[in-house]
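S.K.: A single structure is presented below for examination.
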Amino acid sequence: MSFPITRLRRLRKNPILRNMISETTISVDDLIMPLFVCPGKKVNNPISSMPGNSQLSVDLLVEECKKIVDTGVKSVLLFGIPETKDEHGLVACGENGIVQQAIRAIKEELKNNLLIVADVCNCEYTTHGHCGTIVDGDVDNDLTIETLSKQSLSLTKAGADIIAPSDMMDGRVKAIRTILDENGLYNTPILSYAAKYASGFYGPFREAAESAPKFGDRRSYQMNPSNSNEAMREIQLDIEEGADIIMVKPALSYLDVIRRAKDTFNIPIAAYNVSGEFSMVKAAAANGWIDEERIMMEIMTSIKRAGANIIITYFAKEVAAVLNK
Ligand code: PBG
């Protein structure tokens, strides 16, 4: 049955009708806010390429977490900027590592009102900025999963609610699941950055986390942007190794990968609306070229419509403010 009997504009006539047939909704429950914690007291170093985001010392980070909880956002993803770095990133494995300190301080203040996701990777903690131990000019997979396992155990013992490995080493989910289970921590979920691409969209983050590689790039471990079949293999392997939630990252240039993962696997999917995606919107808005709020909400909608259950985004507080209006 077609025109003139069928007229799709009938259901677009007013906002009540439009909302009634809306296929995609966004809630504060879907959002995770990334935060950067650095040493010191009362330190707030604004990240110039990511307006509104800063490196915060533990005391100010706790204050920021309280504000986040007040907006209704219920989860944060923590990245650390350590005092010192070493060749293997072992500085991230200590009981008094910067993220471990942050987790304990947040939990003391906010208890279980805020879910803490701990990013697990070595790139912020190595002198060379790569995600693992270098052997013959490249990251050695099997040595790196040992440090990642240690880091994961330490972060979980400090109180992290979810462990999120972002390194893209083969076999790391299994190694992390094994060490957590051996230590009785079988209830801590793993959110694996399963399909993580070698992307130019991480540019601003590397300023934020001080984690840019000192030589080469990450193409020998992160995925080639041209591949989607391979993403399905990455996700399948991570599920087999014990991942509880899988992630596609970045989000916007990879909405097709999110949709394909949703159609292929029965597992919760997270999407990371990464730093470059955030900064582009902020820069265009600062020039008056776009309506920031409208575009932010359209981006969130597109990521959920593609099939993501969870959105990791630097816009989390601002999205919550719109939802709370
Ligand atoms: C660490 C890590 C990166 C991001 C999250 N975890 C950077 C990278 O892989 O180079 C990027 C996040 C963003 O751009 O917002 N491996």
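Letters A, B, ... mark the chains of the structure tokens in the order given; residue numbers begin at 1 per chain; ligand numbers begin at 1, in order shown.
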Using only C-alpha atoms and all ligand atoms, what are the residues with an atom within 9 Å of ligand 1, set out as a ChimeraX atom specification?
M.R.: /A:34,79,119-124,129-131,165-168,193,196-206,208-209,211-213,217-218,222,249-250,272-278,312-314
S.K.: Neighbours of Gln55 (chain A) within 10 Å (only C-alpha atoms; same-chain residues fewer than 4 positions away dropped), as a list in words?
M.R.: Leu35, Phe36, Val37, Cys38, Pro39, Val43, Asn44, Asn45, Pro46, Ile47, Leu60, Leu61, Phe79, Gly80, Ile81, Ala208 and Ala209 of chain A
S.K.: Using only N, CA, C and O atoms, please write the residues we just selected to a file, as an mmCIF file, in the first residue's frame.
M.R.:
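This is the output file selection19.cif:
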data_model
loop_
_atom_site.group_PDB
_atom_site.id
_atom_site.type_symbol
_atom_site.label_atom_id
_atom_site.label_comp_id
_atom_site.auth_asym_id
_atom_site.auth_seq_id
_atom_site.Cartn_x
_atom_site.Cartn_y
_atom_site.Cartn_z
ATOM 1 N N LEU A 35 37.966 9.666 32.957
ATOM 2 C CA LEU A 35 38.652 10.669 33.785
ATOM 3 C C LEU A 35 40.147 10.353 33.846
ATOM 4 O O LEU A 35 40.541 9.188 33.773
ATOM 5 N N PHE A 36 40.944 11.419 34.023
ATOM 6 C CA PHE A 36 42.403 11.276 34.055
ATOM 7 C C PHE A 36 42.918 11.689 35.425
ATOM 8 O O PHE A 36 42.697 12.819 35.857
ATOM 9 N N VAL A 37 43.627 10.769 36.085
ATOM 10 C CA VAL A 37 44.115 11.091 37.428
ATOM 11 C C VAL A 37 45.638 11.221 37.427
ATOM 12 O O VAL A 37 46.342 10.414 36.822
ATOM 13 N N CYS A 38 46.123 12.283 38.086
ATOM 14 C CA CYS A 38 47.561 12.559 38.097
ATOM 15 C C CYS A 38 48.047 12.744 39.539
ATOM 16 O O CYS A 38 47.244 12.916 40.453
ATOM 17 N N PRO A 39 49.350 12.706 39.770
ATOM 18 C CA PRO A 39 49.881 12.866 41.131
ATOM 19 C C PRO A 39 49.674 14.286 41.661
ATOM 20 O O PRO A 39 49.379 15.206 40.904
ATOM 21 N N VAL A 43 45.674 19.546 42.092
ATOM 22 C CA VAL A 43 46.149 19.749 40.718
ATOM 23 C C VAL A 43 44.984 19.625 39.752
ATOM 24 O O VAL A 43 44.233 18.649 39.796
ATOM 25 N N ASN A 44 44.823 20.643 38.902
ATOM 26 C CA ASN A 44 43.838 20.609 37.834
ATOM 27 C C ASN A 44 44.521 21.142 36.580
ATOM 28 O O ASN A 44 44.672 22.346 36.412
ATOM 29 N N ASN A 45 45.002 20.209 35.723
ATOM 30 C CA ASN A 45 45.651 20.602 34.472
ATOM 31 C C ASN A 45 44.668 20.450 33.324
ATOM 32 O O ASN A 45 44.423 19.336 32.866
ATOM 33 N N PRO A 46 44.091 21.558 32.849
ATOM 34 C CA PRO A 46 43.134 21.437 31.742
ATOM 35 C C PRO A 46 43.798 20.818 30.505
ATOM 36 O O PRO A 46 44.964 21.093 30.226
ATOM 37 N N ILE A 47 43.069 19.975 29.808
ATOM 38 C CA ILE A 47 43.557 19.363 28.568
ATOM 39 C C ILE A 47 43.075 20.263 27.428
ATOM 40 O O ILE A 47 41.873 20.324 27.149
ATOM 41 N N LEU A 60 40.913 16.203 43.891
ATOM 42 C CA LEU A 60 39.969 16.884 42.998
ATOM 43 C C LEU A 60 39.166 15.886 42.162
ATOM 44 O O LEU A 60 38.019 16.152 41.785
ATOM 45 N N LEU A 61 39.771 14.744 41.903
ATOM 46 C CA LEU A 61 39.061 13.688 41.163
ATOM 47 C C LEU A 61 37.845 13.209 41.955
ATOM 48 O O LEU A 61 36.760 13.004 41.404
ATOM 49 N N PHE A 79 41.876 6.588 33.856
ATOM 50 C CA PHE A 79 43.201 6.513 33.247
ATOM 51 C C PHE A 79 44.182 7.214 34.186
ATOM 52 O O PHE A 79 43.842 8.243 34.781
ATOM 53 N N GLY A 80 45.410 6.678 34.273
ATOM 54 C CA GLY A 80 46.391 7.264 35.193
ATOM 55 C C GLY A 80 47.552 7.920 34.478
ATOM 56 O O GLY A 80 48.012 7.445 33.437
ATOM 57 N N ILE A 81 48.021 9.014 35.063
ATOM 58 C CA ILE A 81 49.272 9.639 34.632
ATOM 59 C C ILE A 81 50.229 9.475 35.810
ATOM 60 O O ILE A 81 50.078 10.140 36.836
ATOM 61 N N ALA A 208 46.183 14.068 26.655
ATOM 62 C CA ALA A 208 45.532 13.951 27.965
ATOM 63 C C ALA A 208 46.235 12.930 28.855
ATOM 64 O O ALA A 208 46.431 13.142 30.043
ATOM 65 N N ALA A 209 46.591 11.784 28.264
ATOM 66 C CA ALA A 209 47.151 10.690 29.057
ATOM 67 C C ALA A 209 48.671 10.639 28.966
ATOM 68 O O ALA A 209 49.300 9.774 29.569
#
S.K.: If you count only C-alpha atoms, which residues fall within 9 Å of Leu110 (chain A), apart from same-chain ones fewer than 3 positions away, as a PyMOL selection string?
M.R.: chain A and resi 62+65-66+69+105-107+113-114
S.K.: Out of A:Ile162, A:Ile239, A:Val257, A:Ala270, which residue has the shortest atom-to-atom distance to Asn227 (chain A) when counting only C-alpha atoms?
M.R.: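 Ranking A:Ile162, A:Ile239, A:Val257, A:Ala270 by distance to Asn227 (chain A), first place goes to A:Val257.
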S.K.: Write out as a VMD selection string each polymer residue whose atoms come within 10 Å of Glu87 (chain A), counting only C-alpha atoms; drop sequence neighbours fewer than 3 positions from it.
M.R.: chain A and resid 90 to 91 122 125 to 130 132 to 134
S.K.: Closest to Ala160 (chain A) among A:Pro225, A:Gly40, A:Gly184, A:Pro189, using only C-alpha atoms?
M.R.: A:Pro189
S.K.: I'd like to know which of A:Thr71, A:Ser54, A:Asn266, A:Ser226 is closest to Leu31 (chain A), using only C-alpha atoms.
M.R.: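 Comparing A:Thr71, A:Ser54, A:Asn266, A:Ser226 against Leu31 (chain A), the winner is A:Thr71.
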